[in-house]
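Peer 1: Take a look at the following structure, please.
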Amino acid sequence: MNTVLATDDFCREHGNEELWYQVFQEGHPVLLGKQKRFSLIPGGSRCKMCYAPLTGLGGWITRRMGLEPSSRNPSFCNACDGFLKAYPGGAEVDLSILFCDLRGSVPLSASMSPKEFAQLITFMRETIIPVLWRAEGFVLQFQGDAVIGVWPPGFSGKEYASKAVNGGMQLPKAIEGKPFNGSKLPIGMAIHTGRAYLSTVASLSADMQEVSAFGFDVNVAARLADSAKAGEVLISEAALKAAGRTIDASKLRSYELRGVDDPVRASLLKVP
Ligand SMILES: [Zn+2]
């Protein structure tokens with residue numbers, strides 16, 4: 001099956017498998033140490049890899065340490081972006097995936113100016129991404145009108161699956177609390193746990209790199225998010241099991257997902 005995250009603009013890179021396995025599956029001591037230190041410094045936007053604050057007072061502190069937003073990848077600090085450039089590649093790892101998908105984006109975009117729609121997408125990212133950061137998730141390459149977070153154990157710790165479910169459950173309230181021009185953002189969400197190839201991806205046209213996820217379980221998460229109505233979070237049985245949640249079989253529903261042979265059982269979290 002083709003991955004939903006591969007785009008014409010970016011192609012995935014291979015190599016440095018042991019290093020990326022350590023970063024995302026086992027935990028890299030240098031990166032984990034940085035995350036721990038940088039999390040203690042207050043900050044607005046942060047490097048999505050090492051959590052170094054890049055703006056505000058925290059950004060002033062980290063600039064004095066020689067860190068600044070990378071000019072080619074502003075969502076990474078210059079040190080982490082240098083790391084992506086020096087070590088392109090990836091590895092197959094365990095992970096939880098959270099997909100947040102803007103529902104009805106076509107009619108929505110028709111109801112406002114392109115500029116307003118772009119503002120809405122930015123607003124959606126600014127609403128969701130801090131929740132993913134607080135839950136110790138890693139935010140993937142932005143994909144149109146979706147926001148995608150992953151929780152691999154090397155990055156998020158051995159309780160990664162539980163952190164993903166807890167993070168996902170915070171989202172309906174966060175979205176409810178931040179209306180856009182007076183209306184609640186219509187976002188459907190899904191959480192799934194499985195395996196994926198996490199790797200750097202490079203743009204064909206410009207000197208730009210990001211991290212993305214590929215594989216069947218990524219597609220399951222994306223399709224499950226397609227099945228969620230605005231304000232709903234669908235949590236797959238696999239995600240609940242990995243998070244150590246007690247599963248009430250009577251609350252699970254089967255979802256037929258496009259391109260997925262067997263129905264996927266999931267629990268619906270709906271916040272009124
Ligand atoms: Zn960084």
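Every chain in the structure tokens takes a letter, A first, then B, and so on in the order presented; its residues are numbered from 1, and the ligands are numbered from 1 following the presented order.
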Could you list, as a PyMOL selection string, all residues that come within 7 Å of ligand 1? Count only C-alpha atoms and all ligand atoms.

Peer 2: chain A and resi 47-52+76-80

Peer 1: Could you pull out the helix (DSSP H, G or I) residues of segment 101-240 of chain A, going by DSSP on the backbone, and write them as a PyMOL selection string?

Peer 2: chain A and resi 105-110+114-134+153-156+160-176+216-227+237-240

Peer 1: Go ahead and write the residues just picked, C-alpha atoms, as a PDB file, in the first residue's frame.

Peer 2:
```pdb
ATOM      1  CA  SER A 105     -11.831  21.362   4.610  1.00  0.00           C
ATOM      2  CA  VAL A 106     -13.015  21.835   1.007  1.00  0.00           C
ATOM      3  CA  PRO A 107     -16.353  23.538   1.864  1.00  0.00           C
ATOM      4  CA  LEU A 108     -14.580  25.426   4.642  1.00  0.00           C
ATOM      5  CA  SER A 109     -11.973  26.769   2.243  1.00  0.00           C
ATOM      6  CA  ALA A 110     -14.781  27.762  -0.154  1.00  0.00           C
ATOM      7  CA  PRO A 114      -7.460  31.841   0.795  1.00  0.00           C
ATOM      8  CA  LYS A 115      -5.705  34.090   3.298  1.00  0.00           C
ATOM      9  CA  GLU A 116      -8.297  33.366   5.987  1.00  0.00           C
ATOM     10  CA  PHE A 117      -8.044  29.632   5.284  1.00  0.00           C
ATOM     11  CA  ALA A 118      -4.253  29.775   5.637  1.00  0.00           C
ATOM     12  CA  GLN A 119      -4.773  31.586   8.948  1.00  0.00           C
ATOM     13  CA  LEU A 120      -7.171  28.835  10.030  1.00  0.00           C
ATOM     14  CA  ILE A 121      -4.563  26.130   9.273  1.00  0.00           C
ATOM     15  CA  THR A 122      -1.899  28.049  11.206  1.00  0.00           C
ATOM     16  CA  PHE A 123      -4.345  28.514  14.086  1.00  0.00           C
ATOM     17  CA  MET A 124      -5.148  24.778  14.050  1.00  0.00           C
ATOM     18  CA  ARG A 125      -1.433  23.898  14.258  1.00  0.00           C
ATOM     19  CA  GLU A 126      -0.850  26.419  17.044  1.00  0.00           C
ATOM     20  CA  THR A 127      -3.762  24.890  18.977  1.00  0.00           C
ATOM     21  CA  ILE A 128      -2.757  21.244  18.569  1.00  0.00           C
ATOM     22  CA  ILE A 129       1.050  21.218  18.538  1.00  0.00           C
ATOM     23  CA  PRO A 130       1.625  22.506  22.110  1.00  0.00           C
ATOM     24  CA  VAL A 131      -0.658  19.697  23.365  1.00  0.00           C
ATOM     25  CA  LEU A 132       1.459  17.150  21.465  1.00  0.00           C
ATOM     26  CA  TRP A 133       4.653  18.667  22.878  1.00  0.00           C
ATOM     27  CA  ARG A 134       3.328  18.588  26.433  1.00  0.00           C
ATOM     28  CA  PRO A 153       9.727   4.867  22.677  1.00  0.00           C
ATOM     29  CA  GLY A 154      13.252   6.250  22.108  1.00  0.00           C
ATOM     30  CA  PHE A 155      11.806   9.761  21.975  1.00  0.00           C
ATOM     31  CA  SER A 156       8.861   9.514  24.368  1.00  0.00           C
ATOM     32  CA  TYR A 160       4.965   6.091  24.915  1.00  0.00           C
ATOM     33  CA  ALA A 161       1.623   4.460  24.069  1.00  0.00           C
ATOM     34  CA  SER A 162       0.026   5.759  27.223  1.00  0.00           C
ATOM     35  CA  LYS A 163       1.378   9.277  26.594  1.00  0.00           C
ATOM     36  CA  ALA A 164      -0.131   9.247  23.095  1.00  0.00           C
ATOM     37  CA  VAL A 165      -3.573   8.260  24.393  1.00  0.00           C
ATOM     38  CA  ASN A 166      -3.391  10.837  27.196  1.00  0.00           C
ATOM     39  CA  GLY A 167      -2.283  13.532  24.719  1.00  0.00           C
ATOM     40  CA  GLY A 168      -5.080  12.662  22.292  1.00  0.00           C
ATOM     41  CA  MET A 169      -7.663  12.812  25.059  1.00  0.00           C
ATOM     42  CA  GLN A 170      -6.572  16.398  25.893  1.00  0.00           C
ATOM     43  CA  LEU A 171      -7.227  17.602  22.355  1.00  0.00           C
ATOM     44  CA  PRO A 172     -11.041  17.953  22.261  1.00  0.00           C
ATOM     45  CA  LYS A 173     -10.890  20.283  25.278  1.00  0.00           C
ATOM     46  CA  ALA A 174      -7.960  22.272  23.844  1.00  0.00           C
ATOM     47  CA  ILE A 175      -9.823  22.700  20.544  1.00  0.00           C
ATOM     48  CA  GLU A 176     -13.070  23.601  22.320  1.00  0.00           C
ATOM     49  CA  PHE A 216       0.706   0.204   7.026  1.00  0.00           C
ATOM     50  CA  ASP A 217       0.028   1.341  10.608  1.00  0.00           C
ATOM     51  CA  VAL A 218       0.443   4.984   9.566  1.00  0.00           C
ATOM     52  CA  ASN A 219      -2.244   4.414   6.949  1.00  0.00           C
ATOM     53  CA  VAL A 220      -4.511   2.771   9.520  1.00  0.00           C
ATOM     54  CA  ALA A 221      -4.195   5.847  11.767  1.00  0.00           C
ATOM     55  CA  ALA A 222      -4.940   8.177   8.835  1.00  0.00           C
ATOM     56  CA  ARG A 223      -7.975   6.189   7.687  1.00  0.00           C
ATOM     57  CA  LEU A 224      -9.294   5.911  11.213  1.00  0.00           C
ATOM     58  CA  ALA A 225      -9.065   9.712  11.531  1.00  0.00           C
ATOM     59  CA  ASP A 226     -11.114   9.881   8.312  1.00  0.00           C
ATOM     60  CA  SER A 227     -13.835   7.943  10.169  1.00  0.00           C
ATOM     61  CA  GLU A 237      -7.881  -1.434  20.171  1.00  0.00           C
ATOM     62  CA  ALA A 238      -4.123  -1.819  19.544  1.00  0.00           C
ATOM     63  CA  ALA A 239      -3.491   1.685  20.936  1.00  0.00           C
ATOM     64  CA  LEU A 240      -5.627   0.973  24.031  1.00  0.00           C
TER      65      LEU A 240
END
```

Peer 1: Just to confirm, what's the straight-line distance from atom CA of Asp145 of chain A to atom CA of Leu102 of chain A in Å (one decimal)?

Peer 2: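 Spanning atom CA of Asp145 of chain A to atom CA of Leu102 of chain A is a straight-line distance of 5.8 Å.
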
Peer 1: When you draw a straight line from atom CA of Ala146 of chain A to atom CA of Ile97 of chain A, how long is it in Å?

Peer 2: 12.6 Å

Peer 1: Near Gly149 of chain A, within 6 Å and counting only C-alpha atoms, which residues show up once chain neighbours fewer than 4 positions away are dropped, as a PyMOL selection string?

Peer 2: chain A and resi 97-98+137-140

Peer 1: Create the file for the chosen residues now, containing C-alpha atoms and written as a PDB file, in the first residue's frame.

Peer 2:
```pdb
ATOM      1  CA  ILE A  97       0.469   7.764  15.966  1.00  0.00           C
ATOM      2  CA  LEU A  98      -2.069  10.551  16.425  1.00  0.00           C
ATOM      3  CA  GLY A 137       5.133  13.536  21.153  1.00  0.00           C
ATOM      4  CA  PHE A 138       7.131  14.303  18.025  1.00  0.00           C
ATOM      5  CA  VAL A 139       5.333  16.429  15.438  1.00  0.00           C
ATOM      6  CA  LEU A 140       5.807  15.175  11.883  1.00  0.00           C
TER       7      LEU A 140
END
```

Peer 1: From a DSSP pass on the backbone, collect the residues of segment 73-229 of chain A flagged as strand (DSSP E) and hand them back as a short mmCIF file (atom, residue, chain, number, x, y, z; two decimals) with N, CA and C atoms, in the first residue's frame.

Peer 2:
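Writing done, so here's part-v1.cif:
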```cif
data_model
loop_
_atom_site.label_atom_id
_atom_site.label_comp_id
_atom_site.auth_asym_id
_atom_site.auth_seq_id
_atom_site.Cartn_x
_atom_site.Cartn_y
_atom_site.Cartn_z
N GLY A 90 16.78 6.53 8.33
CA GLY A 90 15.71 6.20 9.26
C GLY A 90 15.76 4.75 9.69
N ALA A 91 14.76 4.34 10.46
CA ALA A 91 14.70 2.96 10.95
C ALA A 91 13.25 2.61 11.23
N GLU A 92 12.97 1.30 11.22
CA GLU A 92 11.63 0.83 11.57
C GLU A 92 11.55 0.68 13.08
N VAL A 93 10.53 1.30 13.66
CA VAL A 93 10.42 1.32 15.13
C VAL A 93 8.96 1.14 15.57
N ASP A 94 8.79 0.82 16.86
CA ASP A 94 7.45 0.81 17.46
C ASP A 94 7.02 2.26 17.65
N LEU A 95 5.75 2.52 17.62
CA LEU A 95 5.28 3.88 17.89
C LEU A 95 3.77 3.95 18.02
N SER A 96 3.30 5.04 18.63
CA SER A 96 1.89 5.41 18.56
C SER A 96 1.78 6.61 17.65
N ILE A 97 0.67 6.69 16.95
CA ILE A 97 0.47 7.76 15.97
C ILE A 97 -0.85 8.46 16.27
N LEU A 98 -0.84 9.77 16.23
CA LEU A 98 -2.07 10.55 16.43
C LEU A 98 -2.29 11.41 15.19
N PHE A 99 -3.40 11.20 14.54
CA PHE A 99 -3.76 11.97 13.35
C PHE A 99 -4.86 12.97 13.69
N CYS A 100 -4.67 14.21 13.33
CA CYS A 100 -5.70 15.24 13.53
C CYS A 100 -6.03 15.80 12.17
N ASP A 101 -7.26 15.64 11.76
CA ASP A 101 -7.65 15.95 10.40
C ASP A 101 -8.77 16.99 10.39
N LEU A 102 -8.58 18.04 9.61
CA LEU A 102 -9.62 19.06 9.51
C LEU A 102 -10.77 18.50 8.69
N PHE A 138 6.29 13.69 19.06
CA PHE A 138 7.13 14.30 18.02
C PHE A 138 6.21 14.69 16.88
N VAL A 139 6.23 15.95 16.49
CA VAL A 139 5.33 16.43 15.44
C VAL A 139 5.99 16.18 14.07
N ALA A 146 -3.72 18.46 7.92
CA ALA A 146 -3.65 17.50 9.03
C ALA A 146 -2.45 17.83 9.91
N VAL A 147 -2.56 17.48 11.19
CA VAL A 147 -1.40 17.56 12.08
C VAL A 147 -1.17 16.15 12.59
N ILE A 148 0.08 15.69 12.52
CA ILE A 148 0.38 14.32 12.87
C ILE A 148 1.48 14.28 13.93
N GLY A 149 1.21 13.56 15.01
CA GLY A 149 2.23 13.38 16.05
C GLY A 149 2.55 11.90 16.17
N VAL A 150 3.81 11.60 16.50
CA VAL A 150 4.18 10.20 16.76
C VAL A 150 4.88 10.12 18.11
N TRP A 151 4.73 8.96 18.74
CA TRP A 151 5.34 8.70 20.04
C TRP A 151 6.19 7.44 19.93
N ILE A 187 -12.38 19.20 13.87
CA ILE A 187 -11.23 18.30 13.69
C ILE A 187 -11.58 16.89 14.16
N GLY A 188 -11.31 15.91 13.30
CA GLY A 188 -11.49 14.49 13.65
C GLY A 188 -10.12 13.92 13.98
N MET A 189 -10.06 13.06 15.01
CA MET A 189 -8.75 12.58 15.47
C MET A 189 -8.76 11.07 15.64
N ALA A 190 -7.58 10.46 15.52
CA ALA A 190 -7.48 9.01 15.76
C ALA A 190 -6.09 8.69 16.29
N ILE A 191 -6.06 7.66 17.14
CA ILE A 191 -4.78 7.20 17.70
C ILE A 191 -4.65 5.71 17.41
N HIS A 192 -3.47 5.33 16.96
CA HIS A 192 -3.21 3.91 16.67
C HIS A 192 -1.78 3.60 17.09
N THR A 193 -1.53 2.34 17.44
CA THR A 193 -0.17 1.93 17.83
C THR A 193 0.27 0.76 16.97
N GLY A 194 1.50 0.81 16.52
CA GLY A 194 2.02 -0.27 15.67
C GLY A 194 3.48 -0.04 15.37
N ARG A 195 3.86 -0.27 14.12
CA ARG A 195 5.25 -0.04 13.72
C ARG A 195 5.29 0.83 12.47
N ALA A 196 6.36 1.58 12.32
CA ALA A 196 6.51 2.40 11.11
C ALA A 196 7.98 2.67 10.85
N TYR A 197 8.26 3.01 9.60
CA TYR A 197 9.60 3.45 9.22
C TYR A 197 9.61 4.96 9.41
N LEU A 198 10.36 5.41 10.41
CA LEU A 198 10.50 6.86 10.65
C LEU A 198 11.79 7.29 10.01
N SER A 199 11.73 8.27 9.13
CA SER A 199 12.97 8.65 8.45
C SER A 199 12.97 10.11 8.07
N THR A 200 14.16 10.58 7.75
CA THR A 200 14.26 11.92 7.20
C THR A 200 13.72 11.87 5.77
N VAL A 201 13.11 12.97 5.37
CA VAL A 201 12.67 13.13 3.98
C VAL A 201 13.27 14.43 3.48
N ALA A 202 13.66 14.44 2.21
CA ALA A 202 14.29 15.64 1.66
C ALA A 202 13.46 16.16 0.51
N SER A 203 13.37 17.47 0.40
CA SER A 203 12.62 18.05 -0.72
C SER A 203 13.45 17.93 -1.99
N GLN A 209 14.81 19.43 4.78
CA GLN A 209 14.59 18.07 5.28
C GLN A 209 13.59 18.11 6.41
N GLU A 210 12.91 16.99 6.59
CA GLU A 210 11.95 16.84 7.66
C GLU A 210 12.01 15.38 8.11
N VAL A 211 11.16 15.03 9.06
CA VAL A 211 11.04 13.63 9.46
C VAL A 211 9.62 13.20 9.16
N SER A 212 9.47 12.02 8.58
CA SER A 212 8.13 11.54 8.28
C SER A 212 8.00 10.06 8.64
N ALA A 213 6.77 9.52 8.56
CA ALA A 213 6.52 8.13 8.95
C ALA A 213 5.87 7.39 7.79
N PHE A 214 6.26 6.15 7.60
CA PHE A 214 5.77 5.37 6.47
C PHE A 214 5.36 3.98 6.94
#
```

Peer 1: Fewer than 4 positions away in the same chain doesn't count, so skip those; otherwise give me all residues within 7 Å of segment 35-44 of chain A, counting only C-alpha atoms, as a ChimeraX atom specification.

Peer 2: /A:31,50-59

Peer 1: Grab the residues selected above and save them as a PDB file, in the first residue's frame with N, CA and C atoms.

Peer 2:
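See again_33.pdb below for the written result:
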```pdb
ATOM      1  N   LEU A  31      20.433  13.295  23.118  1.00  0.00           N
ATOM      2  CA  LEU A  31      19.162  13.962  22.801  1.00  0.00           C
ATOM      3  C   LEU A  31      18.235  13.987  24.027  1.00  0.00           C
ATOM      4  N   CYS A  50      14.793  18.639  19.981  1.00  0.00           N
ATOM      5  CA  CYS A  50      15.454  18.711  21.298  1.00  0.00           C
ATOM      6  C   CYS A  50      14.669  19.575  22.283  1.00  0.00           C
ATOM      7  N   TYR A  51      13.544  20.175  21.849  1.00  0.00           N
ATOM      8  CA  TYR A  51      12.679  21.013  22.681  1.00  0.00           C
ATOM      9  C   TYR A  51      13.345  22.323  23.118  1.00  0.00           C
ATOM     10  N   ALA A  52      14.440  22.737  22.466  1.00  0.00           N
ATOM     11  CA  ALA A  52      15.048  24.024  22.817  1.00  0.00           C
ATOM     12  C   ALA A  52      14.068  25.144  22.486  1.00  0.00           C
ATOM     13  N   PRO A  53      13.784  26.049  23.451  1.00  0.00           N
ATOM     14  CA  PRO A  53      12.894  27.164  23.109  1.00  0.00           C
ATOM     15  C   PRO A  53      13.558  28.057  22.063  1.00  0.00           C
ATOM     16  N   LEU A  54      12.769  28.496  21.090  1.00  0.00           N
ATOM     17  CA  LEU A  54      13.343  29.285  19.990  1.00  0.00           C
ATOM     18  C   LEU A  54      12.829  30.719  19.985  1.00  0.00           C
ATOM     19  N   THR A  55      11.791  30.986  20.796  1.00  0.00           N
ATOM     20  CA  THR A  55      11.261  32.351  20.847  1.00  0.00           C
ATOM     21  C   THR A  55      11.098  32.767  22.314  1.00  0.00           C
ATOM     22  N   GLY A  56      10.818  34.034  22.507  1.00  0.00           N
ATOM     23  CA  GLY A  56      10.574  34.548  23.859  1.00  0.00           C
ATOM     24  C   GLY A  56      11.837  34.544  24.705  1.00  0.00           C
ATOM     25  N   LEU A  57      11.630  34.594  26.014  1.00  0.00           N
ATOM     26  CA  LEU A  57      12.769  34.637  26.942  1.00  0.00           C
ATOM     27  C   LEU A  57      13.637  33.385  26.803  1.00  0.00           C
ATOM     28  N   GLY A  58      12.969  32.213  26.675  1.00  0.00           N
ATOM     29  CA  GLY A  58      13.713  30.963  26.511  1.00  0.00           C
ATOM     30  C   GLY A  58      14.579  31.006  25.260  1.00  0.00           C
ATOM     31  N   GLY A  59      14.044  31.623  24.198  1.00  0.00           N
ATOM     32  CA  GLY A  59      14.789  31.741  22.946  1.00  0.00           C
ATOM     33  C   GLY A  59      16.023  32.623  23.125  1.00  0.00           C
TER      34      GLY A  59
END
```

Peer 1: Work out how far atom CA of Asp262 of chain A is from atom CA of Gly244 of chain A, in Å to one decimal.

Peer 2: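 Atom-to-atom, atom CA of Gly244 of chain A and atom CA of Asp262 of chain A are spaced 23.1 Å apart.
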
Peer 1: My list of candidates is A:Ala249, A:Leu204, A:Ile61, A:Leu268. Which is closest to Val233 of chain A when distances are computed with only C-alpha atoms?

Peer 2: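 Nearest to Val233 of chain A: A:Leu268.
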
Peer 1: Neighbours of Ser267 of chain A within 8 Å (only C-alpha atoms; same-chain residues fewer than 4 positions away dropped), as a ChimeraX atom specification?

Peer 2: /A:234-237,251-253

Peer 1: Would you save the residues from that selection as a tab-separated table (two decimals), in the first residue's frame, using C-alpha atoms?

Peer 2:
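To be explicit, this is the file written out as out03.tsv:
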```tsv
chain	number	residue	atom	x	y	z
A	234	LEU	CA	-11.09	7.24	17.77
A	235	ILE	CA	-8.61	5.10	19.70
A	236	SER	CA	-7.78	1.75	18.11
A	237	GLU	CA	-7.88	-1.43	20.17
A	251	LYS	CA	-17.65	-0.01	23.73
A	252	LEU	CA	-15.51	-1.05	20.76
A	253	ARG	CA	-16.88	-0.56	17.26
```

Peer 1: So which residues touch Pro263 of chain A within 6 Å, counting only C-alpha atoms, skipping near sequence neighbours fewer than 5 positions away, as a list of chain:residue names?

Peer 2: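 Close residues of Pro263 of chain A: A:Ser254, A:Tyr255, A:Glu256.
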
Peer 1: Which residue, A:Gly259, A:Gly66, A:Pro186, A:Gly215, has the smallest gap to Arg103 of chain A when you use only C-alpha atoms?

Peer 2: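 Among A:Gly259, A:Gly66, A:Pro186, A:Gly215, it is A:Pro186 that comes nearest to Arg103 of chain A.
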